[in-house]
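Enquirer: Dropping a structure here in structure tokens format, bear with me for questions.
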Amino acid sequence: MAAGRCEHICTHSEEKTFGRWPGVKKGSKEATSLQKKNIRDRLIFCRKYSEWTAEDWGKVIFSDEAPFRLFGASGKRLVRRRKGERYHQSCVMPTVKHPDTIHVWGCFSSKAVGSLTILPKNTAMNKVWYQNTLQQQLLPTTQQQFGEEQCIFQHDGALCYKAKVITKWLGDQNVLGPWPGNSPDLNPIENLWSILKRRVDKQKPTNSDKLQEVIMKEWVAISQDLAQKLIESMPSRIAEVLKKKGQHCKY
């Protein structure tokens, strides 16, 4: 009886706060179809590329965007403290209610990190910015890293990436895909972002200009060995997702 009441209260509270999914009735199977679709898409993708070697993945240039915020890019810091010092000033990290956010777009391959585009403060990527980025940042990077050698471009399914003007521009390009949604464990650039954020966080930038400066400095400092190691992990990532039948893996 108590468990049933608890379930009812939680359901009502969630409806009141977030509303229902449009076109989906409470308790219907459609409410979980998105998760099943993601699992199916991940399996299709991994089966398609299950025979690819690290050398094959070395021909792919991965891209993505990420937000960086002032005062703690990684969001956490570990401190050593004695008993009773939990709220001591030296053990408390100050926060800002609405910190400045810097959005960046970057790409990399097994050869090295490529271009990094820093958007204006508190500006997110849109189709106009993205087309400009592809033309002015991606193309020079592919030319520099691969020359006349054939390479494959990868990006995820963000809405602005699917705009008609972008699809048309990419029409003649060799693009990996379709990329399965909700698959950060399949994209090694996500690991690169985590490493970059930790390095930036250690520098403790105090304003937006300094934050941008540190991001760029730490980006170009990423070694080719690290880039290659992340790319070479792709066969293992694919195998792990297949082993887990489409569920997320340790990467």
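Convention: chains lettered A, B, ... in structure tokens order; per-chain residue numbering from 1; ligands numbered from 1 as shown.
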Out of region 90-162 of chain A, which residues get helix (DSSP H, G or I) from DSSP, as a list in words?

Expert: Ser90, Cys91, Lys127, Val128, Trp129, Tyr130, Gln131, Asn132, Thr133, Leu134, Gln135, Gln136, Gln137, Leu138, Leu139, Pro140, Thr141, Thr142, Gln143, Gln144, Gln145, Phe146, Leu159, Cys160, Tyr161 and Lys162 of chain A

Enquirer: Please identify all polymer residues within 9 Å of Leu226 (chain A), counting only C-alpha atoms, omitting same-chain residues fewer than 6 positions from it, and present them as a list in words.

Expert: Ser110, Ala112 and Leu192 of chain A

Enquirer: Could you turn the residues from that selection into a file that holds C-alpha atoms, as an mmCIF file, in the first residue's frame?

Expert:
```
data_model
loop_
_atom_site.group_PDB
_atom_site.id
_atom_site.type_symbol
_atom_site.label_atom_id
_atom_site.label_comp_id
_atom_site.auth_asym_id
_atom_site.auth_seq_id
_atom_site.Cartn_x
_atom_site.Cartn_y
_atom_site.Cartn_z
ATOM 1 C CA SER A 110 45.500 9.725 -34.670
ATOM 2 C CA ALA A 112 47.331 15.045 -33.780
ATOM 3 C CA LEU A 192 39.873 14.264 -24.854
#
```

Enquirer: Can you work out which one of A:Met234, A:Ile215, A:Lys244, A:Cys249 has the shortest atom-to-atom distance to Glu51 (chain A), counting only C-alpha atoms?

Expert: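 Looking only at the distances to Glu51 (chain A), the closest residue turns out to be A:Met234.
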
Enquirer: Might you pull out every residue within 7 Å of region 183-190 of chain A, with only C-alpha atoms counted and same-chain residues fewer than 3 positions away left off, and present them as a VMD selection string?

Expert: chain A and resid 62 to 64 180 193 to 194 230 to 231 237 248 to 249 251

Enquirer: Got a sec: who's within 12 Å of Glu149 (chain A), counting only C-alpha atoms, leaving out chain neighbours fewer than 3 positions off, as JSON, numbers by chain?

Expert: {"A": [58, 59, 60, 142, 143, 144, 145, 146, 152]}

Enquirer: So which residues touch Ile118 (chain A) within 8 Å, counting only C-alpha atoms, skipping near sequence neighbours fewer than 2 positions away, as a VMD selection string?

Expert: chain A and resid 102 to 105 116 120 212

Enquirer: Looking at only C-alpha atoms, which of A:Lys127, A:Lys229, A:Arg40, A:Lys197 is the one that sits closest to Ala66 (chain A)?

Expert: A:Lys197

Enquirer: Could you list, as a ChimeraX atom specification, every residue within 8 Å of region 239-242 of chain A, counting only C-alpha atoms and ignoring same-chain residues fewer than 4 positions away?

Expert: /A:42-43,46-47,50,235,246-249

Enquirer: Deliver the residues from the most recent selection as a file, using N, CA, C and O atoms, as a PDB file, in the first residue's frame.

Expert:
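Resulting contents of again-v7.pdb:
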```
ATOM      1  N   ARG A  42      23.028   1.759 -31.763  1.00  0.00           N
ATOM      2  CA  ARG A  42      24.399   1.490 -31.328  1.00  0.00           C
ATOM      3  C   ARG A  42      24.865   0.122 -31.829  1.00  0.00           C
ATOM      4  O   ARG A  42      26.002  -0.033 -32.279  1.00  0.00           O
ATOM      5  N   LEU A  43      23.987  -0.858 -31.765  1.00  0.00           N
ATOM      6  CA  LEU A  43      24.345  -2.200 -32.230  1.00  0.00           C
ATOM      7  C   LEU A  43      24.556  -2.221 -33.745  1.00  0.00           C
ATOM      8  O   LEU A  43      25.487  -2.858 -34.245  1.00  0.00           O
ATOM      9  N   CYS A  46      27.939  -0.563 -34.389  1.00  0.00           N
ATOM     10  CA  CYS A  46      29.076  -1.381 -33.962  1.00  0.00           C
ATOM     11  C   CYS A  46      29.244  -2.628 -34.822  1.00  0.00           C
ATOM     12  O   CYS A  46      30.377  -3.049 -35.100  1.00  0.00           O
ATOM     13  N   ARG A  47      28.155  -3.212 -35.259  1.00  0.00           N
ATOM     14  CA  ARG A  47      28.260  -4.368 -36.142  1.00  0.00           C
ATOM     15  C   ARG A  47      28.838  -3.965 -37.497  1.00  0.00           C
ATOM     16  O   ARG A  47      29.613  -4.707 -38.107  1.00  0.00           O
ATOM     17  N   SER A  50      32.588  -3.458 -36.869  1.00  0.00           N
ATOM     18  CA  SER A  50      33.225  -4.422 -35.963  1.00  0.00           C
ATOM     19  C   SER A  50      34.535  -4.979 -36.515  1.00  0.00           C
ATOM     20  O   SER A  50      35.396  -5.434 -35.753  1.00  0.00           O
ATOM     21  N   PRO A 235      38.544  -0.081 -31.692  1.00  0.00           N
ATOM     22  CA  PRO A 235      38.122  -1.476 -31.805  1.00  0.00           C
ATOM     23  C   PRO A 235      37.666  -2.065 -30.473  1.00  0.00           C
ATOM     24  O   PRO A 235      36.708  -2.852 -30.430  1.00  0.00           O
ATOM     25  N   GLY A 246      24.672  -3.470 -26.664  1.00  0.00           N
ATOM     26  CA  GLY A 246      24.216  -2.108 -26.938  1.00  0.00           C
ATOM     27  C   GLY A 246      24.213  -1.180 -25.755  1.00  0.00           C
ATOM     28  O   GLY A 246      24.020   0.031 -25.921  1.00  0.00           O
ATOM     29  N   GLN A 247      24.400  -1.701 -24.572  1.00  0.00           N
ATOM     30  CA  GLN A 247      24.422  -0.848 -23.381  1.00  0.00           C
ATOM     31  C   GLN A 247      25.743  -0.085 -23.320  1.00  0.00           C
ATOM     32  O   GLN A 247      26.702  -0.417 -24.004  1.00  0.00           O
ATOM     33  N   HIS A 248      25.783   0.948 -22.475  1.00  0.00           N
ATOM     34  CA  HIS A 248      26.998   1.748 -22.355  1.00  0.00           C
ATOM     35  C   HIS A 248      28.122   0.929 -21.740  1.00  0.00           C
ATOM     36  O   HIS A 248      27.891   0.035 -20.919  1.00  0.00           O
ATOM     37  N   CYS A 249      29.348   1.247 -22.143  1.00  0.00           N
ATOM     38  CA  CYS A 249      30.508   0.526 -21.647  1.00  0.00           C
ATOM     39  C   CYS A 249      31.411   1.460 -20.850  1.00  0.00           C
ATOM     40  O   CYS A 249      31.115   2.641 -20.688  1.00  0.00           O
TER      41      CYS A 249
END
```

Enquirer: Between A:Trp179, A:Thr101, A:Trp169, A:Lys121, which residue has the minimum interatomic distance to Thr133 (chain A), considering only C-alpha atoms?

Expert: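 Smallest distance to Thr133 (chain A) is found for A:Trp169.
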
Enquirer: Please report, as a PDB file with all heavy atoms, in the first residue's frame, each residue of region 69-243 of chain A to which DSSP assigns strand (DSSP E or B) when run on this structure's backbone.

Expert:
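The result, written out as result.pdb:
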```pdb
ATOM      1  N   ARG A  69      33.352  26.233 -18.330  1.00  0.00           N
ATOM      2  CA  ARG A  69      32.829  27.260 -17.429  1.00  0.00           C
ATOM      3  C   ARG A  69      33.908  27.741 -16.476  1.00  0.00           C
ATOM      4  O   ARG A  69      34.787  26.994 -16.087  1.00  0.00           O
ATOM      5  CB  ARG A  69      31.635  26.719 -16.643  1.00  0.00           C
ATOM      6  CG  ARG A  69      30.469  26.331 -17.517  1.00  0.00           C
ATOM      7  CD  ARG A  69      29.298  25.796 -16.705  1.00  0.00           C
ATOM      8  NE  ARG A  69      28.177  25.457 -17.574  1.00  0.00           N
ATOM      9  CZ  ARG A  69      28.031  24.292 -18.189  1.00  0.00           C
ATOM     10  NH1 ARG A  69      28.940  23.346 -18.016  1.00  0.00           N
ATOM     11  NH2 ARG A  69      27.001  24.058 -18.966  1.00  0.00           N
ATOM     12  N   THR A 101      30.221  30.979 -19.779  1.00  0.00           N
ATOM     13  CA  THR A 101      30.415  29.692 -20.456  1.00  0.00           C
ATOM     14  C   THR A 101      31.035  29.927 -21.820  1.00  0.00           C
ATOM     15  O   THR A 101      30.580  30.761 -22.595  1.00  0.00           O
ATOM     16  CB  THR A 101      29.078  28.946 -20.621  1.00  0.00           C
ATOM     17  OG1 THR A 101      28.496  28.728 -19.332  1.00  0.00           O
ATOM     18  CG2 THR A 101      29.300  27.604 -21.293  1.00  0.00           C
ATOM     19  N   ILE A 102      32.075  29.189 -22.093  1.00  0.00           N
ATOM     20  CA  ILE A 102      32.755  29.255 -23.385  1.00  0.00           C
ATOM     21  C   ILE A 102      32.514  27.938 -24.115  1.00  0.00           C
ATOM     22  O   ILE A 102      32.864  26.870 -23.615  1.00  0.00           O
ATOM     23  CB  ILE A 102      34.276  29.468 -23.212  1.00  0.00           C
ATOM     24  CG1 ILE A 102      34.563  30.737 -22.406  1.00  0.00           C
ATOM     25  CG2 ILE A 102      34.956  29.519 -24.578  1.00  0.00           C
ATOM     26  CD1 ILE A 102      34.095  32.013 -23.065  1.00  0.00           C
ATOM     27  N   HIS A 103      31.911  28.011 -25.290  1.00  0.00           N
ATOM     28  CA  HIS A 103      31.692  26.811 -26.103  1.00  0.00           C
ATOM     29  C   HIS A 103      32.814  26.714 -27.137  1.00  0.00           C
ATOM     30  O   HIS A 103      33.162  27.702 -27.789  1.00  0.00           O
ATOM     31  CB  HIS A 103      30.340  26.879 -26.822  1.00  0.00           C
ATOM     32  CG  HIS A 103      29.172  26.699 -25.910  1.00  0.00           C
ATOM     33  ND1 HIS A 103      28.591  25.479 -25.657  1.00  0.00           N
ATOM     34  CD2 HIS A 103      28.488  27.597 -25.156  1.00  0.00           C
ATOM     35  CE1 HIS A 103      27.587  25.618 -24.806  1.00  0.00           C
ATOM     36  NE2 HIS A 103      27.507  26.888 -24.492  1.00  0.00           N
ATOM     37  N   VAL A 104      33.360  25.518 -27.265  1.00  0.00           N
ATOM     38  CA  VAL A 104      34.432  25.308 -28.234  1.00  0.00           C
ATOM     39  C   VAL A 104      34.090  24.140 -29.140  1.00  0.00           C
ATOM     40  O   VAL A 104      33.357  23.218 -28.760  1.00  0.00           O
ATOM     41  CB  VAL A 104      35.787  25.058 -27.535  1.00  0.00           C
ATOM     42  CG1 VAL A 104      36.113  26.173 -26.561  1.00  0.00           C
ATOM     43  CG2 VAL A 104      35.790  23.711 -26.815  1.00  0.00           C
ATOM     44  N   TRP A 105      34.628  24.176 -30.333  1.00  0.00           N
ATOM     45  CA  TRP A 105      34.528  23.056 -31.280  1.00  0.00           C
ATOM     46  C   TRP A 105      35.942  22.636 -31.612  1.00  0.00           C
ATOM     47  O   TRP A 105      36.815  23.480 -31.862  1.00  0.00           O
ATOM     48  CB  TRP A 105      33.810  23.478 -32.552  1.00  0.00           C
ATOM     49  CG  TRP A 105      33.758  22.404 -33.619  1.00  0.00           C
ATOM     50  CD1 TRP A 105      32.774  21.488 -33.827  1.00  0.00           C
ATOM     51  CD2 TRP A 105      34.760  22.123 -34.617  1.00  0.00           C
ATOM     52  NE1 TRP A 105      33.089  20.658 -34.879  1.00  0.00           N
ATOM     53  CE2 TRP A 105      34.305  21.022 -35.379  1.00  0.00           C
ATOM     54  CE3 TRP A 105      35.998  22.680 -34.922  1.00  0.00           C
ATOM     55  CZ2 TRP A 105      35.039  20.487 -36.435  1.00  0.00           C
ATOM     56  CZ3 TRP A 105      36.743  22.141 -35.968  1.00  0.00           C
ATOM     57  CH2 TRP A 105      36.250  21.072 -36.721  1.00  0.00           C
ATOM     58  N   GLY A 106      36.166  21.326 -31.597  1.00  0.00           N
ATOM     59  CA  GLY A 106      37.498  20.846 -31.914  1.00  0.00           C
ATOM     60  C   GLY A 106      37.444  19.562 -32.713  1.00  0.00           C
ATOM     61  O   GLY A 106      36.400  18.904 -32.817  1.00  0.00           O
ATOM     62  N   CYS A 107      38.566  19.179 -33.283  1.00  0.00           N
ATOM     63  CA  CYS A 107      38.665  17.919 -34.017  1.00  0.00           C
ATOM     64  C   CYS A 107      40.043  17.332 -33.794  1.00  0.00           C
ATOM     65  O   CYS A 107      40.993  18.050 -33.451  1.00  0.00           O
ATOM     66  CB  CYS A 107      38.391  18.134 -35.507  1.00  0.00           C
ATOM     67  SG  CYS A 107      39.522  19.276 -36.335  1.00  0.00           S
ATOM     68  N   PHE A 108      40.141  16.030 -33.983  1.00  0.00           N
ATOM     69  CA  PHE A 108      41.445  15.381 -33.857  1.00  0.00           C
ATOM     70  C   PHE A 108      41.435  14.037 -34.566  1.00  0.00           C
ATOM     71  O   PHE A 108      40.375  13.467 -34.845  1.00  0.00           O
ATOM     72  CB  PHE A 108      41.827  15.220 -32.381  1.00  0.00           C
ATOM     73  CG  PHE A 108      41.354  13.938 -31.738  1.00  0.00           C
ATOM     74  CD1 PHE A 108      42.262  12.962 -31.335  1.00  0.00           C
ATOM     75  CD2 PHE A 108      40.005  13.703 -31.510  1.00  0.00           C
ATOM     76  CE1 PHE A 108      41.838  11.777 -30.742  1.00  0.00           C
ATOM     77  CE2 PHE A 108      39.580  12.530 -30.901  1.00  0.00           C
ATOM     78  CZ  PHE A 108      40.500  11.551 -30.515  1.00  0.00           C
ATOM     79  N   SER A 109      42.609  13.549 -34.851  1.00  0.00           N
ATOM     80  CA  SER A 109      42.780  12.229 -35.451  1.00  0.00           C
ATOM     81  C   SER A 109      43.968  11.565 -34.776  1.00  0.00           C
ATOM     82  O   SER A 109      44.553  12.113 -33.834  1.00  0.00           O
ATOM     83  CB  SER A 109      43.016  12.351 -36.962  1.00  0.00           C
ATOM     84  OG  SER A 109      44.317  12.872 -37.206  1.00  0.00           O
ATOM     85  N   ALA A 112      47.167  13.908 -34.702  1.00  0.00           N
ATOM     86  CA  ALA A 112      47.331  15.045 -33.780  1.00  0.00           C
ATOM     87  C   ALA A 112      45.969  15.686 -33.534  1.00  0.00           C
ATOM     88  O   ALA A 112      44.981  15.344 -34.190  1.00  0.00           O
ATOM     89  CB  ALA A 112      48.291  16.087 -34.366  1.00  0.00           C
ATOM     90  N   VAL A 113      45.940  16.626 -32.598  1.00  0.00           N
ATOM     91  CA  VAL A 113      44.737  17.445 -32.453  1.00  0.00           C
ATOM     92  C   VAL A 113      44.712  18.425 -33.616  1.00  0.00           C
ATOM     93  O   VAL A 113      45.761  18.827 -34.139  1.00  0.00           O
ATOM     94  CB  VAL A 113      44.706  18.208 -31.109  1.00  0.00           C
ATOM     95  CG1 VAL A 113      44.604  17.253 -29.947  1.00  0.00           C
ATOM     96  CG2 VAL A 113      45.924  19.119 -30.962  1.00  0.00           C
ATOM     97  N   GLY A 114      43.504  18.799 -34.026  1.00  0.00           N
ATOM     98  CA  GLY A 114      43.362  19.725 -35.137  1.00  0.00           C
ATOM     99  C   GLY A 114      43.003  21.114 -34.656  1.00  0.00           C
ATOM    100  O   GLY A 114      43.398  21.534 -33.562  1.00  0.00           O
ATOM    101  N   SER A 115      42.223  21.799 -35.451  1.00  0.00           N
ATOM    102  CA  SER A 115      41.826  23.159 -35.110  1.00  0.00           C
ATOM    103  C   SER A 115      40.882  23.164 -33.922  1.00  0.00           C
ATOM    104  O   SER A 115      40.147  22.210 -33.671  1.00  0.00           O
ATOM    105  CB  SER A 115      41.137  23.821 -36.307  1.00  0.00           C
ATOM    106  OG  SER A 115      42.044  23.999 -37.376  1.00  0.00           O
ATOM    107  N   LEU A 116      40.903  24.267 -33.196  1.00  0.00           N
ATOM    108  CA  LEU A 116      39.977  24.485 -32.090  1.00  0.00           C
ATOM    109  C   LEU A 116      39.319  25.838 -32.300  1.00  0.00           C
ATOM    110  O   LEU A 116      39.996  26.856 -32.410  1.00  0.00           O
ATOM    111  CB  LEU A 116      40.703  24.459 -30.749  1.00  0.00           C
ATOM    112  CG  LEU A 116      39.784  24.522 -29.520  1.00  0.00           C
ATOM    113  CD1 LEU A 116      39.108  23.170 -29.302  1.00  0.00           C
ATOM    114  CD2 LEU A 116      40.561  24.908 -28.268  1.00  0.00           C
ATOM    115  N   THR A 117      37.994  25.841 -32.384  1.00  0.00           N
ATOM    116  CA  THR A 117      37.243  27.081 -32.559  1.00  0.00           C
ATOM    117  C   THR A 117      36.608  27.469 -31.235  1.00  0.00           C
ATOM    118  O   THR A 117      35.899  26.670 -30.612  1.00  0.00           O
ATOM    119  CB  THR A 117      36.128  26.910 -33.608  1.00  0.00           C
ATOM    120  OG1 THR A 117      36.711  26.626 -34.876  1.00  0.00           O
ATOM    121  CG2 THR A 117      35.284  28.173 -33.714  1.00  0.00           C
ATOM    122  N   ILE A 118      36.871  28.686 -30.790  1.00  0.00           N
ATOM    123  CA  ILE A 118      36.273  29.198 -29.562  1.00  0.00           C
ATOM    124  C   ILE A 118      35.193  30.198 -29.942  1.00  0.00           C
ATOM    125  O   ILE A 118      35.472  31.227 -30.561  1.00  0.00           O
ATOM    126  CB  ILE A 118      37.323  29.869 -28.661  1.00  0.00           C
ATOM    127  CG1 ILE A 118      38.400  28.850 -28.270  1.00  0.00           C
ATOM    128  CG2 ILE A 118      36.665  30.458 -27.420  1.00  0.00           C
ATOM    129  CD1 ILE A 118      39.489  29.410 -27.374  1.00  0.00           C
ATOM    130  N   ILE A 152      38.089  10.270 -43.331  1.00  0.00           N
ATOM    131  CA  ILE A 152      36.649  10.214 -43.059  1.00  0.00           C
ATOM    132  C   ILE A 152      36.323  11.164 -41.921  1.00  0.00           C
ATOM    133  O   ILE A 152      37.020  11.184 -40.895  1.00  0.00           O
ATOM    134  CB  ILE A 152      36.224   8.782 -42.677  1.00  0.00           C
ATOM    135  CG1 ILE A 152      36.598   7.804 -43.787  1.00  0.00           C
ATOM    136  CG2 ILE A 152      34.724   8.715 -42.406  1.00  0.00           C
ATOM    137  CD1 ILE A 152      36.415   6.352 -43.400  1.00  0.00           C
ATOM    138  N   PHE A 153      35.277  11.943 -42.088  1.00  0.00           N
ATOM    139  CA  PHE A 153      34.871  12.915 -41.070  1.00  0.00           C
ATOM    140  C   PHE A 153      33.755  12.336 -40.212  1.00  0.00           C
ATOM    141  O   PHE A 153      32.845  11.676 -40.716  1.00  0.00           O
ATOM    142  CB  PHE A 153      34.402  14.207 -41.750  1.00  0.00           C
ATOM    143  CG  PHE A 153      33.839  15.226 -40.805  1.00  0.00           C
ATOM    144  CD1 PHE A 153      34.573  15.694 -39.726  1.00  0.00           C
ATOM    145  CD2 PHE A 153      32.553  15.732 -40.995  1.00  0.00           C
ATOM    146  CE1 PHE A 153      34.052  16.636 -38.855  1.00  0.00           C
ATOM    147  CE2 PHE A 153      32.016  16.676 -40.134  1.00  0.00           C
ATOM    148  CZ  PHE A 153      32.770  17.127 -39.064  1.00  0.00           C
ATOM    149  N   GLN A 154      33.826  12.594 -38.909  1.00  0.00           N
ATOM    150  CA  GLN A 154      32.784  12.144 -37.992  1.00  0.00           C
ATOM    151  C   GLN A 154      32.268  13.307 -37.164  1.00  0.00           C
ATOM    152  O   GLN A 154      33.049  14.093 -36.617  1.00  0.00           O
ATOM    153  CB  GLN A 154      33.322  11.064 -37.051  1.00  0.00           C
ATOM    154  CG  GLN A 154      32.314  10.582 -35.998  1.00  0.00           C
ATOM    155  CD  GLN A 154      32.260  11.486 -34.772  1.00  0.00           C
ATOM    156  OE1 GLN A 154      33.267  12.071 -34.378  1.00  0.00           O
ATOM    157  NE2 GLN A 154      31.094  11.614 -34.162  1.00  0.00           N
ATOM    158  N   VAL A 175      31.787  10.980 -44.964  1.00  0.00           N
ATOM    159  CA  VAL A 175      31.337  11.148 -43.589  1.00  0.00           C
ATOM    160  C   VAL A 175      30.998   9.803 -42.961  1.00  0.00           C
ATOM    161  O   VAL A 175      30.291   8.985 -43.557  1.00  0.00           O
ATOM    162  CB  VAL A 175      30.100  12.080 -43.519  1.00  0.00           C
ATOM    163  CG1 VAL A 175      29.662  12.288 -42.074  1.00  0.00           C
ATOM    164  CG2 VAL A 175      30.407  13.425 -44.167  1.00  0.00           C
TER     165      VAL A 175
END
```

Enquirer: Excluding Leu170 (chain A) and residues on its chain fewer than 3 positions from it, collect all residues at most 12 Å away from it, counting only C-alpha atoms, and give them as a list of chain:residue names.

Expert: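 Near neighbours after the sequence-gap exclusion: A:Tyr130, A:Gln131, A:Leu134, A:Gln135, A:Leu138, A:Leu139, A:Ile152, A:Phe153, A:Gln154, A:His155, A:Tyr161, A:Lys162, A:Ala163, A:Lys164, A:Val165, A:Ile166, A:Thr167, A:Gln173, A:Asn174, A:Val175, A:Leu176.
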
Enquirer: With distances taken over only C-alpha atoms, which of A:Val214, A:Ile39, A:Ile195, A:Ile44 is nearest to Pro178 (chain A)?

Expert: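 Of A:Val214, A:Ile39, A:Ile195, A:Ile44, the one nearest Pro178 (chain A), counting only C-alpha atoms, is A:Ile44.
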